[in-house]
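Student: One structure, pasted below without further comment.
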Amino acid sequence: MKPTQSPRLRALLGLLLAAFLPAAALAATQPNIILVMPDDVGYGDYASLGNPIMRTPAVDAFKKESLLFTQFHVSPTCAPTRSALMSGRHEFKNGVTHTILERERMALSTYTLPQMLKSVGYTSGIFGKWHLGDEAAYRPESRGFDEVYIHGGGGIGQTFPGSCGDAPGNTNINPTLWHNGKFEKTTGYCTDLFFGQALKWIDAKRTAKQPFFAYIPLNAAHGPHVLPEEYYRHYLGKPGVTEGLAKFLGMIENVDTNFGALLAKIKEWGLADNTLVIYLGSDNGGTAGRSIFNAGMKGGKGTTYQGGTRVPVFFRWPAGGIPAGAECSALSAHLDLFPTLAELTGAKLSPAVQQQVEGRSLLPLLKNPQSPWADRTLVHHVGRWAKGKAADSKYDKCAIQNSRFTLVNNAELYDLQADPGETTNVIAQHPAVVAQLRAAYDQWWTAVQPMLVNENVTGIPKINPFQELYYKQFGGSPTPEALRRMDPNSAPGAGNAEAKQKRKAKAAK
């Protein structure tokens, strides 16, 4: 008969073994991490979540293999969500209150997700849309990423006043992309290129046996909706589908196709079992697809109703014991991913970073979706006020919610359990709830005011940094029309009365 060890002795032996294991051996227990996030896709834009015409077979199959969070929230627009993911805190505390006008730039004091992962031996790559600052100090290569393959601004080919804008004349087909410090002119469709480069990088990392974080935040299905016709023609002619909507749906389906190819490849490489794959359904609420199906929700992108912030997120990690095909209804959010990955990878956060991170680790729920989960409040705010108007915008497109109620614009209260579609304002029936939510919101608003570091930026560049870098590399110069678009005085809310009058006159014609 074999001698048996007491549980206490086994625990002691385990601690002693861990103390003497080399760092490389400990790293072998850490999962690889892949985070895929489309842009401008709604909760209702997936077939397995109710859409009657959308084709998303890869996500639908992934749903059966993963844990779906059904009450997961992001920000009402794109750059804010990205900053919350990168920091574990509300976007306003990173200075991100807009998607342009220097207010999309993530504060340089922010300690980022890839910096945290680097502290425990990970290498990180980004493939797609960054949208947290295009100037050198703000770009992902300065914020912890080792591999960078991105476009500029908030959309391929878009130009905005100030520092936010992409390479000149760019388009989703054959785009010019920023790759590790220089531009590359590519051949192909943007989503195919982003996934393709991510797979090349993952292949190199698996060979090196280094744990990796592959962040694939796509520009699709954000406008402009430019893509090869074969990707969308099968949606033409369906009830209620215009050509523009068909292109939007085709962009989503192409994301799904690429996602399926990625999953197949990591399985072929033997990486699937110890890779945490997170598919975050969108960076904000629904857009063009809402006309077909909005999952019973009110509102969409740019609003603080549930349709503007609630998105699906799926987690799969077979070796980590995440239950397949399960659902979790705990109130959760984008700012929870940072602390979740910190706990999961064993990262030690300094007191300063602990102070920064306000999200909660989802690890207990990933192990058991029914784990106790204390109620909480989440604040949603669109921001996007005119320059100098932060103090006057406290209740402009805002909401604060707990797991049952949401107080919208300080004037509408909805009981989400009884009325998930937010059809009936019950503010008069629940004065105690309203008082509690208002007090919490007042406290939050006061706390964020000193952290709005991008509200009065000076020294704004006259040429978008990406355009300036492009011309330095390839020659040429911006056209007068491009310079006009980059002029901060032409921006909405810039305070230029003459420019405002010209815009009004043009709109009246």
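Lettering and numbering for the structure tokens are positional, with chains as A, B, ... in the shown order, residues counted from 1 in each chain, and ligands counted from 1 in the shown order.
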Could you pull out all residues of region 184-374 of chain A with a DSSP call of alpha helix (DSSP H) and give them as a PyMOL selection string?

Tutor: chain A and resi 190-208+243-268+306-309+337-345+351-356+363-367

Student: Using C-alpha atoms, can you write the selected residues to a file as a compact mmCIF listing (two decimals), in the first residue's frame?

Tutor:
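Final file, out_35.txt:
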```txt
# COMPACT_ATOMS: atom_id res chain seq x y z
CA CYS A 190 -8.34 45.45 -43.63
CA THR A 191 -9.97 42.81 -41.40
CA ASP A 192 -8.25 40.00 -43.30
CA LEU A 193 -4.95 41.84 -42.87
CA PHE A 194 -5.35 42.43 -39.14
CA PHE A 195 -6.18 38.79 -38.41
CA GLY A 196 -3.47 37.60 -40.78
CA GLN A 197 -0.78 39.66 -39.08
CA ALA A 198 -2.01 38.55 -35.65
CA LEU A 199 -1.65 34.90 -36.69
CA LYS A 200 1.88 35.47 -38.02
CA TRP A 201 2.84 37.04 -34.71
CA ILE A 202 1.15 34.34 -32.63
CA ASP A 203 2.99 31.69 -34.67
CA ALA A 204 6.31 33.36 -33.83
CA LYS A 205 5.45 33.61 -30.13
CA ARG A 206 4.40 29.96 -29.84
CA THR A 207 7.72 28.94 -31.34
CA ALA A 208 9.49 31.07 -28.73
CA GLU A 243 -26.95 48.38 -49.86
CA GLY A 244 -25.39 50.32 -46.99
CA LEU A 245 -26.80 47.92 -44.41
CA ALA A 246 -25.71 44.93 -46.52
CA LYS A 247 -22.15 46.26 -46.40
CA PHE A 248 -22.34 46.66 -42.64
CA LEU A 249 -23.62 43.10 -42.23
CA GLY A 250 -20.97 41.83 -44.60
CA MET A 251 -18.25 43.45 -42.50
CA ILE A 252 -19.55 41.62 -39.43
CA GLU A 253 -19.73 38.30 -41.26
CA ASN A 254 -16.15 38.76 -42.45
CA VAL A 255 -15.04 39.35 -38.84
CA ASP A 256 -16.81 36.13 -37.94
CA THR A 257 -15.09 34.23 -40.77
CA ASN A 258 -11.68 35.48 -39.64
CA PHE A 259 -12.45 34.68 -36.02
CA GLY A 260 -13.31 31.13 -37.01
CA ALA A 261 -10.04 30.82 -38.92
CA LEU A 262 -8.11 32.08 -35.88
CA LEU A 263 -9.77 29.50 -33.62
CA ALA A 264 -9.01 26.73 -36.10
CA LYS A 265 -5.37 27.77 -36.30
CA ILE A 266 -4.73 27.87 -32.56
CA LYS A 267 -6.33 24.44 -32.33
CA GLU A 268 -4.04 23.16 -35.09
CA GLN A 306 -29.03 49.81 -22.37
CA GLY A 307 -28.81 49.59 -26.15
CA GLY A 308 -25.91 52.01 -26.05
CA THR A 309 -23.72 50.18 -23.54
CA LEU A 337 -10.93 42.89 -17.67
CA PHE A 338 -7.77 44.53 -16.33
CA PRO A 339 -8.11 43.19 -12.76
CA THR A 340 -9.33 39.83 -14.09
CA LEU A 341 -6.20 39.37 -16.20
CA ALA A 342 -4.00 40.66 -13.38
CA GLU A 343 -5.32 38.03 -10.98
CA LEU A 344 -5.34 35.29 -13.58
CA THR A 345 -1.69 35.86 -14.59
CA PRO A 351 -0.40 50.65 -4.54
CA ALA A 352 -0.66 53.34 -7.23
CA VAL A 353 -2.07 50.90 -9.78
CA GLN A 354 -4.43 49.43 -7.19
CA GLN A 355 -5.70 52.97 -6.71
CA GLN A 356 -6.12 53.33 -10.50
CA LEU A 363 -12.28 35.21 -11.92
CA PRO A 364 -14.82 33.90 -9.37
CA LEU A 365 -17.55 34.11 -12.01
CA LEU A 366 -15.35 32.48 -14.65
CA LYS A 367 -14.97 29.52 -12.30
```

Student: Just the residues within 9 Å of Asn51 (chain A), please, counting only C-alpha atoms, with nothing from its chain fewer than 6 positions along; format it as an MDAnalysis selection string.

Tutor: chainID A and resid 44:45 292:295

Student: Okay, now the selection with C-alpha atoms, as a short mmCIF file (atom, residue, chain, number, x, y, z; two decimals), in the first residue's frame?

Tutor:
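Output (result_22.cif):
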```cif
data_model
loop_
_atom_site.label_atom_id
_atom_site.label_comp_id
_atom_site.auth_asym_id
_atom_site.auth_seq_id
_atom_site.Cartn_x
_atom_site.Cartn_y
_atom_site.Cartn_z
CA GLY A 44 -28.46 41.93 -31.59
CA ASP A 45 -26.07 41.57 -34.54
CA ILE A 292 -33.16 44.66 -38.13
CA PHE A 293 -32.84 43.58 -34.49
CA ASN A 294 -31.80 45.34 -31.29
CA ALA A 295 -32.28 42.50 -28.79
#
```

Student: Expressed in Å to a single decimal, how great is the separation between CA of His98 (chain A) and CA of Gly383 (chain A)?

Tutor: 6.0 Å

Student: Identify which of the residues A:Thr304, A:Asn174, A:Ser361, A:Thr287 lies closest to Asp40 (chain A), counting only C-alpha atoms when measuring atom-to-atom distances.

Tutor: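 So, comparing all the options, the nearest one is A:Thr287.
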
Student: Using only C-alpha atoms, which of the listed residues (A:Asn456, A:Thr56, A:Thr377, A:Ser329) sits closest to Trp444 (chain A)?

Tutor: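 Going through A:Asn456, A:Thr56, A:Thr377, A:Ser329 one by one, the smallest distance to Trp444 (chain A) is for A:Thr377.
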
Student: Quick one: contact table of region 289-378 of chain A to region 422-433 of chain A, 10 Å max, nearest atom pair and distance in Å to one decimal per residue, counting only C-alpha atoms, chain and number order, as a Markdown table?

Tutor:
```
| residue | atom | partner | partner_atom | distance |
| --- | --- | --- | --- | --- |
| A:Gly296 | CA | A:Glu422 | CA | 9.4 |
| A:Met297 | CA | A:Glu422 | CA | 7.4 |
| A:Lys298 | CA | A:Glu422 | CA | 6.3 |
| A:Gly299 | CA | A:Glu422 | CA | 9.4 |
| A:Tyr305 | CA | A:Glu422 | CA | 7.7 |
| A:Gln306 | CA | A:Glu422 | CA | 8.0 |
| A:Gly307 | CA | A:Glu422 | CA | 9.7 |
```

Student: Give me a file of those residues, with N, CA and C atoms, as a PDB file, in the first residue's frame.

Tutor:
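Printed below is again-v5.pdb as written:
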```pdb
ATOM      1  N   GLY A 296     -34.281  43.729 -28.156  1.00  0.00           N
ATOM      2  CA  GLY A 296     -35.284  44.240 -27.238  1.00  0.00           C
ATOM      3  C   GLY A 296     -34.865  45.447 -26.427  1.00  0.00           C
ATOM      4  N   MET A 297     -33.751  46.072 -26.817  1.00  0.00           N
ATOM      5  CA  MET A 297     -33.227  47.187 -26.021  1.00  0.00           C
ATOM      6  C   MET A 297     -33.570  48.538 -26.632  1.00  0.00           C
ATOM      7  N   LYS A 298     -33.509  49.556 -25.797  1.00  0.00           N
ATOM      8  CA  LYS A 298     -33.726  50.928 -26.212  1.00  0.00           C
ATOM      9  C   LYS A 298     -32.371  51.581 -26.489  1.00  0.00           C
ATOM     10  N   GLY A 299     -32.298  52.350 -27.565  1.00  0.00           N
ATOM     11  CA  GLY A 299     -31.102  53.128 -27.835  1.00  0.00           C
ATOM     12  C   GLY A 299     -30.000  52.340 -28.521  1.00  0.00           C
ATOM     13  N   TYR A 305     -28.814  54.591 -22.766  1.00  0.00           N
ATOM     14  CA  TYR A 305     -29.772  53.525 -22.537  1.00  0.00           C
ATOM     15  C   TYR A 305     -29.039  52.195 -22.701  1.00  0.00           C
ATOM     16  N   GLN A 306     -29.696  51.109 -22.335  1.00  0.00           N
ATOM     17  CA  GLN A 306     -29.029  49.809 -22.367  1.00  0.00           C
ATOM     18  C   GLN A 306     -28.529  49.451 -23.765  1.00  0.00           C
ATOM     19  N   GLY A 307     -29.242  49.862 -24.783  1.00  0.00           N
ATOM     20  CA  GLY A 307     -28.808  49.586 -26.147  1.00  0.00           C
ATOM     21  C   GLY A 307     -27.541  50.304 -26.548  1.00  0.00           C
TER      22      GLY A 307
END
```

Student: With distances taken over only C-alpha atoms, which residue among A:Phe474, A:Phe160, A:Tyr231, A:Phe145 lies nearest Arg103 (chain A)?

Tutor: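 Closest candidate: A:Phe160.
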